[in-house]
$ cat my_file36.cif   # mmCIF, C-alpha atoms
data_input
#
loop_
_atom_site.label_atom_id
_atom_site.label_comp_id
_atom_site.auth_asym_id
_atom_site.auth_seq_id
_atom_site.Cartn_x
_atom_site.Cartn_y
_atom_site.Cartn_z
CA THR A 20 158.71 71.29 166.31
CA VAL A 21 156.39 74.20 165.57
CA ALA A 22 154.30 73.24 168.59
CA ASP A 23 157.36 73.31 170.83
CA HIS A 24 158.34 76.78 169.61
CA ALA A 25 154.79 77.95 170.30
CA SER A 26 154.81 76.27 173.74
CA LEU A 27 151.70 74.40 172.63
CA SER A 28 150.97 70.88 173.82
CA LEU A 29 149.87 68.61 170.96
CA GLN A 30 147.32 67.13 173.35
CA ARG A 31 145.38 70.36 172.82
CA VAL A 32 145.36 69.89 169.03
CA GLN A 33 142.33 68.17 167.52
CA CYS A 34 143.66 67.65 164.00
CA ILE A 35 146.43 68.60 161.58
CA GLY A 36 146.01 69.60 157.93
CA CYS A 37 148.81 68.13 155.79
CA PRO A 38 148.56 69.28 152.14
CA GLY A 39 151.97 67.85 151.22
CA HIS A 40 154.13 69.09 148.36
CA THR A 41 152.43 68.85 144.98
CA VAL A 42 154.66 67.11 142.43
CA TRP A 43 152.00 66.31 139.83
CA HIS A 44 148.65 67.88 139.07
CA ASP A 45 147.02 67.45 135.67
CA VAL A 46 143.25 67.31 135.41
CA GLU A 47 142.91 67.77 131.66
CA GLY A 48 143.95 64.33 130.46
CA ARG A 49 141.89 61.19 130.01
CA PHE A 50 142.64 60.23 133.60
CA PRO A 51 142.72 63.38 135.78
CA SER A 52 145.28 62.93 138.53
CA THR A 53 147.04 64.71 141.35
CA LEU A 54 149.94 63.64 143.57
CA SER A 55 151.52 65.25 146.61
CA LEU A 56 154.50 64.10 148.64
CA GLY A 57 154.15 63.88 152.41
CA MET A 58 153.04 60.87 154.44
CA ALA A 59 150.11 61.73 156.66
CA ALA A 60 150.70 58.46 158.52
CA VAL A 61 154.14 59.67 159.63
CA VAL A 62 152.70 62.96 160.88
CA ALA A 63 149.92 61.16 162.76
CA GLU A 64 152.36 58.63 164.23
CA ARG A 65 154.92 61.14 165.45
CA CYS A 66 152.45 63.75 166.68
CA GLY A 67 149.67 61.46 167.88
CA VAL A 68 147.20 63.79 166.20
CA THR A 69 144.60 62.87 163.57
CA THR A 70 145.88 64.14 160.22
CA ILE A 71 143.86 65.13 157.15
CA SER A 72 145.66 65.04 153.81
CA ASP A 73 145.11 64.68 150.05
CA PHE A 74 142.57 67.50 149.88
CA ARG A 75 142.61 67.98 146.11
CA SER A 76 141.63 64.47 145.02
CA ARG A 77 137.95 64.66 145.95
CA ASP A 78 137.43 67.91 144.07
CA VAL A 79 139.20 66.44 141.03
CA ALA A 80 137.04 63.31 141.28
CA ALA A 81 133.97 65.57 141.22
CA GLY A 82 135.12 67.10 137.94
CA GLY A 83 136.90 70.09 139.45
CA GLN A 84 140.35 71.53 138.92
CA GLY A 85 141.45 70.86 142.49
CA VAL A 86 142.38 74.54 142.80
CA PRO A 87 141.91 76.99 144.36
CA LEU A 88 140.98 74.86 147.35
CA ALA A 89 141.42 77.84 149.65
CA ALA A 90 138.45 79.71 148.15
CA LEU A 91 136.22 78.96 151.15
CA THR A 92 138.89 79.78 153.73
CA ASP A 93 139.70 82.96 151.81
CA TYR A 94 136.01 83.83 152.00
CA ILE A 95 136.06 83.28 155.76
CA LEU A 96 139.31 85.17 156.34
CA PHE A 97 139.14 88.04 153.87
CA ARG A 98 135.51 88.80 153.06
CA HIS A 99 134.70 92.43 153.83
CA PRO A 100 131.23 94.02 153.83
CA HIS A 101 132.26 97.03 151.75
CA GLU A 102 135.59 96.19 150.10
CA SER A 103 136.21 93.88 147.12
CA ARG A 104 139.53 92.12 147.59
CA LEU A 105 141.73 90.43 145.02
CA LEU A 106 143.99 87.81 146.59
CA ILE A 107 147.14 86.83 144.70
CA HIS A 108 149.24 83.98 146.05
CA LEU A 109 152.78 84.12 144.67
CA GLY A 110 153.90 80.56 145.32
CA GLY A 111 155.20 78.03 142.83
CA LEU A 112 152.26 79.13 140.70
CA ALA A 113 150.38 82.44 140.77
CA ARG A 114 146.89 81.82 142.10
CA ILE A 115 144.06 84.38 142.04
CA VAL A 116 140.93 84.53 144.20
CA LEU A 117 138.42 87.38 144.03
CA VAL A 118 136.27 87.94 147.13
CA PRO A 119 133.71 90.64 146.20
CA ALA A 120 132.40 93.03 148.84
CA GLY A 121 129.64 91.47 150.94
CA CYS A 122 129.52 88.46 148.62
CA ARG A 123 127.94 85.04 149.02
CA ILE A 124 130.23 82.03 148.75
CA HIS A 125 129.04 81.14 145.21
CA GLU A 126 130.26 84.57 144.03
CA VAL A 127 133.89 83.80 144.92
CA VAL A 128 135.96 82.98 141.83
CA GLY A 129 139.55 81.89 141.41
CA PHE A 130 142.08 80.09 139.24
CA GLU A 131 145.79 79.65 138.57
CA ALA A 132 146.83 82.54 136.38
CA SER A 133 150.47 81.87 135.48
CA PRO A 134 153.69 80.28 136.63
CA CYS A 135 155.57 82.07 139.37
CA ASN A 136 158.40 80.69 141.51
CA VAL A 137 158.40 77.33 139.74
CA LEU A 138 159.73 79.16 136.67
CA LEU A 139 161.86 81.81 138.38
CA ASP A 140 163.55 79.22 140.61
CA ALA A 141 164.30 76.91 137.67
CA LEU A 142 165.93 79.78 135.80
CA MET A 143 167.84 80.88 138.90
CA GLY A 144 169.29 77.41 139.24
CA ARG A 145 170.60 77.63 135.68
CA LEU A 146 171.91 81.17 136.21
CA THR A 147 174.00 80.09 139.21
CA GLY A 148 174.91 76.59 138.08
CA GLY A 149 172.72 75.11 140.77
CA LYS A 150 174.34 77.10 143.60
CA SER A 151 171.17 79.05 144.36
CA SER A 152 167.61 77.79 144.11
CA PHE A 153 165.90 81.19 144.15
CA ASP A 154 166.53 84.88 143.46
CA PRO A 155 166.56 86.61 146.88
CA GLY A 156 164.62 89.83 146.65
CA GLY A 157 164.76 89.70 142.84
CA LYS A 158 168.29 91.17 142.97
CA HIS A 159 169.52 89.15 139.96
CA ALA A 160 166.46 89.82 137.80
CA VAL A 161 166.74 93.57 138.36
CA GLN A 162 170.26 93.51 136.87
CA GLY A 163 168.89 92.47 133.48
CA LYS A 164 166.58 94.01 130.93
CA CYS A 165 163.28 92.70 129.61
CA ILE A 166 163.48 91.29 126.08
CA ASP A 167 160.07 92.31 124.78
CA ALA A 168 160.03 89.99 121.75
CA LEU A 169 160.66 86.97 123.98
CA LEU A 170 158.06 88.19 126.48
CA GLN A 171 155.43 88.51 123.75
CA ASN A 172 156.26 85.02 122.53
CA TRP A 173 155.67 83.56 125.99
CA LEU A 174 152.45 85.53 126.50
CA HIS A 175 150.93 83.58 123.58
CA HIS A 176 151.27 80.32 125.51
CA PRO A 177 148.02 78.33 125.14
CA TYR A 178 147.49 78.03 128.90
CA LEU A 179 147.32 81.80 129.31
CA GLN A 180 144.55 81.94 126.67
CA ARG A 181 142.31 79.35 128.37
CA ARG A 182 139.32 80.51 130.32
CA PRO A 183 138.85 79.37 133.93
CA PRO A 184 138.22 77.23 135.81
CA LYS A 185 141.73 76.02 135.16
CA ALA A 186 144.74 74.57 136.94
CA LEU A 187 148.29 74.95 135.68
CA PRO A 188 150.31 71.72 135.41
CA ARG A 189 153.75 72.53 136.84
CA TYR A 190 155.61 70.70 134.09
CA LEU A 191 154.45 73.25 131.50
CA PHE A 192 156.85 75.84 132.95
CA GLY A 193 159.39 73.64 134.73
CA ASP A 194 162.90 72.53 133.82
CA ASP A 195 162.15 71.80 130.14
CA PHE A 196 160.67 75.27 129.63
CA ALA A 197 163.65 76.80 131.47
CA ALA A 198 166.14 74.90 129.27
CA ALA A 199 164.36 76.07 126.12
CA ALA A 200 164.23 79.63 127.49
CA VAL A 201 168.03 79.68 127.91
CA GLN A 202 168.42 78.81 124.22
CA GLN A 203 165.84 81.42 123.23
CA VAL A 204 167.51 84.26 125.12
CA ARG A 205 170.82 83.46 123.44
CA GLN A 206 169.15 83.76 120.04
CA TYR A 207 168.08 87.26 121.06
CA GLY A 208 171.60 88.08 122.20
CA GLY A 209 170.55 88.44 125.82
CA SER A 210 172.21 87.38 129.05
CA LEU A 211 170.90 85.05 131.74
CA HIS A 212 170.14 88.13 133.85
CA ASP A 213 168.00 89.38 130.94
CA LEU A 214 166.27 86.00 130.92
CA LEU A 215 165.43 86.21 134.62
CA CYS A 216 164.21 89.79 134.21
CA THR A 217 162.03 88.81 131.24
CA ALA A 218 160.61 85.86 133.18
CA THR A 219 159.69 88.14 136.09
CA HIS A 220 157.90 90.47 133.65
CA PHE A 221 156.17 87.39 132.23
CA VAL A 222 154.85 86.36 135.66
CA ALA A 223 153.52 89.86 136.36
CA ARG A 224 151.94 90.23 132.90
CA GLY A 225 150.41 86.76 133.10
CA ILE A 226 148.70 87.72 136.35
CA THR A 227 147.45 91.13 135.22
CA LEU A 228 146.23 89.85 131.84
CA ALA A 229 144.31 87.08 133.60
CA VAL A 230 142.69 89.62 135.92
CA ARG A 231 141.66 91.74 132.96
CA ARG A 232 140.40 88.87 130.80
CA PHE A 233 138.88 86.33 133.13
CA LEU A 234 137.36 87.98 136.18
CA PRO A 235 133.59 88.52 135.85
CA SER A 236 132.70 91.56 133.78
CA GLY A 237 132.41 94.69 135.88
CA SER A 238 134.33 93.24 138.83
CA ARG A 239 135.42 95.91 141.27
CA ILE A 240 138.81 95.68 142.99
CA ASP A 241 139.32 97.89 146.02
CA ARG A 242 142.42 96.21 147.44
CA VAL A 243 145.02 93.70 146.24
CA LEU A 244 146.45 91.40 148.89
CA LEU A 245 149.60 89.37 148.21
CA SER A 246 150.93 86.25 149.93
CA GLY A 247 153.52 83.53 149.30
CA GLY A 248 157.28 83.61 148.88
CA GLY A 249 157.03 85.90 145.86
CA VAL A 250 156.12 88.88 148.07
CA ARG A 251 159.86 89.19 148.83
CA ASN A 252 160.72 89.68 145.15
CA GLY A 253 161.05 93.46 144.89
CA LEU A 254 161.01 93.56 141.09
CA LEU A 255 157.89 91.42 140.87
CA TRP A 256 156.17 93.62 143.45
CA ARG A 257 156.94 96.80 141.48
CA LEU A 258 155.74 95.22 138.24
CA LEU A 259 152.44 94.32 139.87
CA GLU A 260 152.01 97.80 141.32
CA GLN A 261 151.97 99.45 137.87
CA PRO A 262 148.75 97.93 136.43
CA PHE A 263 146.97 98.32 139.78
CA GLU A 264 147.83 102.00 140.06
CA GLY A 265 145.50 103.74 142.50
CA ILE A 266 144.55 100.46 144.20
CA PRO A 267 146.33 99.57 147.47
CA LEU A 268 148.75 96.66 146.97
CA GLN A 269 149.59 95.07 150.32
CA ARG A 270 150.72 91.88 151.99
CA THR A 271 147.94 89.89 153.64
CA ASP A 272 149.70 90.80 156.91
CA GLU A 273 147.88 94.13 156.71
CA VAL A 274 144.54 92.41 157.31
CA GLY A 275 145.78 90.02 159.97
CA VAL A 276 147.03 87.01 157.99
CA PRO A 277 150.85 86.74 157.66
CA ALA A 278 151.79 86.29 154.00
CA ASP A 279 154.08 83.36 154.77
CA VAL A 280 151.43 81.36 156.62
CA ARG A 281 148.30 81.97 154.54
CA LYS A 282 148.58 78.55 152.87
CA ALA A 283 149.27 76.70 156.13
CA LEU A 284 146.39 78.48 157.84
CA SER A 285 144.06 77.62 154.97
CA PHE A 286 144.80 73.90 155.12
CA GLY A 287 144.48 73.87 158.89
CA MET A 288 141.03 75.37 158.46
CA LEU A 289 140.16 72.86 155.71
CA ALA A 290 141.12 70.03 158.06
CA ALA A 291 138.84 71.46 160.75
CA LEU A 292 135.99 71.84 158.26
CA THR A 293 136.36 68.17 157.30
CA LEU A 294 135.97 67.09 160.93
CA ASP A 295 133.02 69.48 161.19
CA GLY A 296 131.38 67.71 158.24
CA VAL A 297 131.36 70.88 156.14
CA PRO A 298 131.89 70.49 152.37
CA ALA A 299 134.72 72.91 151.60
CA SER A 300 135.28 72.94 147.86
CA VAL A 301 133.76 75.90 146.01
CA PRO A 302 132.36 74.95 142.58
CA SER A 303 132.37 78.57 141.33
CA ALA A 304 136.15 78.51 141.77
CA THR A 305 137.18 74.92 141.00
CA GLY A 306 134.49 73.98 138.48
CA ALA A 307 133.47 70.82 140.37
CA ALA A 308 129.99 69.35 140.01
CA GLY A 309 129.25 70.35 143.59
CA SER A 310 130.79 71.11 146.95
CA ARG A 311 132.42 68.11 148.62
CA LEU A 312 133.98 67.07 151.91
CA LEU A 313 137.73 67.17 151.31
CA GLY A 314 140.64 65.09 152.48
CA THR A 315 141.68 61.65 153.65
CA ILE A 316 141.67 61.05 157.41
CA THR A 317 144.53 59.25 159.17
CA PRO A 318 143.74 58.61 162.86
CA GLY A 319 146.12 59.81 165.54
CA SER A 320 146.53 58.24 168.98
CA SER A 321 143.62 56.26 170.43
CA ILE A 322 142.73 59.10 172.75
CA ASN A 323 142.92 61.76 170.03
CA TRP A 324 140.96 59.63 167.56
CA ALA A 325 138.24 58.93 170.11
CA ARG A 326 137.95 62.67 170.68
CA CYS A 327 137.69 63.25 166.93
CA LEU A 328 135.02 60.57 166.54
CA ALA A 329 132.97 62.10 169.35
CA TRP A 330 133.33 65.54 167.79
CA MET A 331 132.31 64.33 164.31
CA ALA A 332 129.33 62.45 165.72
CA ALA A 333 128.18 65.60 167.49
CA GLN A 334 128.31 67.58 164.23
CA THR A 335 126.31 65.06 162.21
CA SER A 336 122.54 64.81 162.35
CA PRO A 337 121.25 61.26 162.95
CA PRO A 338 120.21 59.53 159.72
CA PHE A 339 116.54 59.64 158.77
CA THR A 340 114.79 56.38 159.60
CA PRO A 341 111.49 55.93 157.77
CA GLU A 342 108.53 54.61 159.72
CA ILE A 343 107.60 51.05 158.96
#
$ encode --input "my_file36.cif" --output "structure tokens"
Amino acid sequence: TVADHASLSLQRVQCIGCPGHTVWHDVEGRFPSTLSLGMAAVVAERCGVTTISDFRSRDVAAGGQGVPLAALTDYILFRHPHESRLLIHLGGLARIVLVPAGCRIHEVVGFEASPCNVLLDALMGRLTGGKSSFDPGGKHAVQGKCIDALLQNWLHHPYLQRRPPKALPRYLFGDDFAAAAVQQVRQYGGSLHDLLCTATHFVARGITLAVRRFLPSGSRIDRVLLSGGGVRNGLLWRLLEQPFEGIPLQRTDEVGVPADVRKALSFGMLAALTLDGVPASVPSATGAAGSRLLGTITPGSSINWARCLAWMAAQTSPPFTPEI
């Protein structure tokens, strides 16, 4: 286990944050809903540690988008007194959070800008006949050329025109979009390498257009910090460097948060905030009616759970009892 590799006894761990793997997230329909795979009960049973999961549901129930849930943890980790930082997470989807210099928490904004690896990986699977699930380093995409007419067609997608707060349903750019894209590139006389190259341009343009259109007017960006698996895509990195010319573009590692663990760290912090009784959703980012305590709690072992109960009781003020 991770704890074993770190030579860390789980008896020293108060709680675990288990976000799961999101397989469905659509908050725009008549019945907003979100679903992640990953059984918190299994984690709690095997580790003996109280596990907090299902973080998004409460924000969605409060009228929010359920993303970006990490806005508060990003504020804690990346806020700088003199430097405005734009955080871009290149995961399955491209997620943006702006933490202005010396800001208050209500000034943090964020949203999902465009598809990222969910699209690139689907296309890579078709390019290799299912033999490879991702494009290591972007080496296949760089072999193709961008088909500008197809790129412009995709950039008119309705989701990219919507103003935030907004969350991108994965199915909009999943396997069905990839299958249609293969047919489209053939109509333009392009190859599957051209398709992958065009899709990488699409991801980069979707991000930069969203920054230009939807961040608050006059927003200053002093540094761009990248995280997620997409940081290893060399072509995507170069395409993002161009519109941010003159602004440092770096991995979050440069400010002390490894790019590969930013998400895990954020949900660990969210779990701790839940036990602390601190509402962690940020309405300026998610659009919820207010900040809420997040997550569902699954108790660990009796000893661990008793420790958690004592901790939570110590954080909570006694209820007001009116005089009779």
$ residues_around --input "my_file36.cif" --residues "His108 in chain A" --least-positions-apart "3" --cutoff "12 Å" --atoms "only C-alpha atoms" --output "VMD selection string"
chain A and resid 87 89 to 90 93 105 111 to 117 129 to 136 226 243 to 250 269 to 271 278 to 282
$ resolve_selection --input "my_file36.cif" --expression "the PyMOL selection byres ((chain A and resi 66) around 12)" --output "PyMOL selection string"
chain A and resi 20-23+28-35+59-65+67-70+317-320+323
$ atom_distance --input "my_file36.cif" --atom1 "CA of Asp140 in chain A" --atom2 "CA of Ser152 in chain A"
5.5 Å
$ atom_distance --input "my_file36.cif" --atom1 "CA of Tyr178 in chain A" --atom2 "CA of Leu109 in chain A"
17.7 Å
$ closest_atom_pairs --input "my_file36.cif" --of "range 241-307 of chain A" --to "range 179-188 of chain A" --cutoff "9 Å" --atoms "only C-alpha atoms" --output "tab-separated table"
residue	atom	partner	partner_atom	distance
A:Ser303	CA	A:Pro184	CA	8.2
A:Ala304	CA	A:Pro184	CA	6.4
A:Thr305	CA	A:Pro184	CA	5.8
A:Gly306	CA	A:Pro184	CA	5.6
$ atom_distance --input "my_file36.cif" --atom1 "CA of His44 in chain A" --atom2 "CA of Leu211 in chain A"
29.0 Å
$ residues_around --input "my_file36.cif" --residues "Thr41 in chain A" --least-positions-apart "3" --cutoff "10 Å" --atoms "only C-alpha atoms" --output "list in words"
Pro38, His44, Thr53, Leu54, Ser55, Leu56, Gly57, Asp73, Arg75, Gly111 and Arg189 of chain A
$ closest_residue --input "my_file36.cif" --among "A:Ser210, A:Tyr190, A:Arg205, A:Val161" --to "Leu255 in chain A" --atoms "only C-alpha atoms"
A:Val161
$ resolve_selection --input "my_file36.cif" --expression "the PyMOL selection byres ((chain A and resi 77) around 8)" --output "number ranges by chain"
A: 74-76, 78-81, 85, 311-314
$ residues_around --input "my_file36.cif" --residues "Ser103 in chain A" --least-positions-apart "2" --cutoff "10 Å" --atoms "all atoms listed in the file" --output "list in words"
Phe97, Arg98, His99, Pro100, His101, Leu105, Leu106, Leu117, Val118, Pro119, Ala120, Gly121, Cys122, Ser238, Arg239, Ile240, Asp241, Arg242 and Val243 of chain A
$ residues_near_point --input "my_file36.cif" --point "(138.7, 57.9, 133.4)" --cutoff "12 Å" --atoms "all atoms listed in the file" --output "NGL selection string"
:A and (46-52 or 79-82)
$ axis_aligned_box --input "my_file36.cif" --around "range 277-290 of chain A" --padding-each-side "4 Å" --output "lines of an AutoDock Vina configuration file"
center_x = 147.1
center_y = 78.4
center_z = 155.9
size_x = 21.9
size_y = 24.7
size_z = 14.0
$ residues_around --input "my_file36.cif" --residues "Ser310 in chain A" --least-positions-apart "6" --cutoff "8 Å" --atoms "only C-alpha atoms" --output "count of residues only"
6
$ decode --input "my_file36.cif" --residues "range 273-292 of chain A" --atoms "N, CA and C atoms" --output "PDB file, in the first residue's frame"
ATOM      1  N   GLU A 273       6.940  23.234  -8.911  1.00  0.00           N
ATOM      2  CA  GLU A 273       7.810  24.391  -8.677  1.00  0.00           C
ATOM      3  C   GLU A 273       7.413  25.182  -7.439  1.00  0.00           C
ATOM      4  N   VAL A 274       6.179  25.013  -6.982  1.00  0.00           N
ATOM      5  CA  VAL A 274       5.748  25.719  -5.768  1.00  0.00           C
ATOM      6  C   VAL A 274       5.432  24.720  -4.657  1.00  0.00           C
ATOM      7  N   GLY A 275       5.989  23.517  -4.771  1.00  0.00           N
ATOM      8  CA  GLY A 275       5.922  22.571  -3.664  1.00  0.00           C
ATOM      9  C   GLY A 275       4.840  21.526  -3.698  1.00  0.00           C
ATOM     10  N   VAL A 276       4.034  21.488  -4.778  1.00  0.00           N
ATOM     11  CA  VAL A 276       2.959  20.492  -4.881  1.00  0.00           C
ATOM     12  C   VAL A 276       3.188  19.658  -6.135  1.00  0.00           C
ATOM     13  N   PRO A 277       3.625  18.400  -6.009  1.00  0.00           N
ATOM     14  CA  PRO A 277       3.864  17.568  -7.192  1.00  0.00           C
ATOM     15  C   PRO A 277       2.633  17.494  -8.084  1.00  0.00           C
ATOM     16  N   ALA A 278       2.844  17.670  -9.396  1.00  0.00           N
ATOM     17  CA  ALA A 278       1.736  17.727 -10.346  1.00  0.00           C
ATOM     18  C   ALA A 278       0.885  16.467 -10.325  1.00  0.00           C
ATOM     19  N   ASP A 279       1.497  15.321 -10.057  1.00  0.00           N
ATOM     20  CA  ASP A 279       0.769  14.058 -10.087  1.00  0.00           C
ATOM     21  C   ASP A 279      -0.064  13.817  -8.839  1.00  0.00           C
ATOM     22  N   VAL A 280       0.179  14.584  -7.779  1.00  0.00           N
ATOM     23  CA  VAL A 280      -0.547  14.321  -6.532  1.00  0.00           C
ATOM     24  C   VAL A 280      -1.434  15.494  -6.108  1.00  0.00           C
ATOM     25  N   ARG A 281      -1.537  16.532  -6.939  1.00  0.00           N
ATOM     26  CA  ARG A 281      -2.355  17.683  -6.543  1.00  0.00           C
ATOM     27  C   ARG A 281      -3.792  17.265  -6.223  1.00  0.00           C
ATOM     28  N   LYS A 282      -4.377  16.412  -7.060  1.00  0.00           N
ATOM     29  CA  LYS A 282      -5.761  15.994  -6.835  1.00  0.00           C
ATOM     30  C   LYS A 282      -5.879  15.181  -5.555  1.00  0.00           C
ATOM     31  N   ALA A 283      -4.975  14.217  -5.351  1.00  0.00           N
ATOM     32  CA  ALA A 283      -5.023  13.392  -4.148  1.00  0.00           C
ATOM     33  C   ALA A 283      -4.849  14.244  -2.894  1.00  0.00           C
ATOM     34  N   LEU A 284      -3.920  15.186  -2.957  1.00  0.00           N
ATOM     35  CA  LEU A 284      -3.687  16.073  -1.819  1.00  0.00           C
ATOM     36  C   LEU A 284      -4.932  16.900  -1.520  1.00  0.00           C
ATOM     37  N   SER A 285      -5.582  17.387  -2.566  1.00  0.00           N
ATOM     38  CA  SER A 285      -6.774  18.214  -2.386  1.00  0.00           C
ATOM     39  C   SER A 285      -7.881  17.445  -1.678  1.00  0.00           C
ATOM     40  N   PHE A 286      -8.117  16.196  -2.089  1.00  0.00           N
ATOM     41  CA  PHE A 286      -9.201  15.447  -1.466  1.00  0.00           C
ATOM     42  C   PHE A 286      -8.833  14.980  -0.060  1.00  0.00           C
ATOM     43  N   GLY A 287      -7.559  14.770   0.201  1.00  0.00           N
ATOM     44  CA  GLY A 287      -7.153  14.505   1.574  1.00  0.00           C
ATOM     45  C   GLY A 287      -7.444  15.699   2.464  1.00  0.00           C
ATOM     46  N   MET A 288      -7.177  16.893   1.947  1.00  0.00           N
ATOM     47  CA  MET A 288      -7.459  18.112   2.707  1.00  0.00           C
ATOM     48  C   MET A 288      -8.965  18.312   2.875  1.00  0.00           C
ATOM     49  N   LEU A 289      -9.748  18.019   1.836  1.00  0.00           N
ATOM     50  CA  LEU A 289     -11.203  18.157   1.941  1.00  0.00           C
ATOM     51  C   LEU A 289     -11.754  17.219   3.016  1.00  0.00           C
ATOM     52  N   ALA A 290     -11.193  16.001   3.080  1.00  0.00           N
ATOM     53  CA  ALA A 290     -11.628  15.065   4.117  1.00  0.00           C
ATOM     54  C   ALA A 290     -11.342  15.631   5.500  1.00  0.00           C
ATOM     55  N   ALA A 291     -10.142  16.198   5.670  1.00  0.00           N
ATOM     56  CA  ALA A 291      -9.782  16.779   6.960  1.00  0.00           C
ATOM     57  C   ALA A 291     -10.694  17.960   7.310  1.00  0.00           C
ATOM     58  N   LEU A 292     -11.026  18.770   6.323  1.00  0.00           N
ATOM     59  CA  LEU A 292     -11.901  19.915   6.563  1.00  0.00           C
ATOM     60  C   LEU A 292     -13.296  19.464   6.990  1.00  0.00           C
TER      61      LEU A 292
END
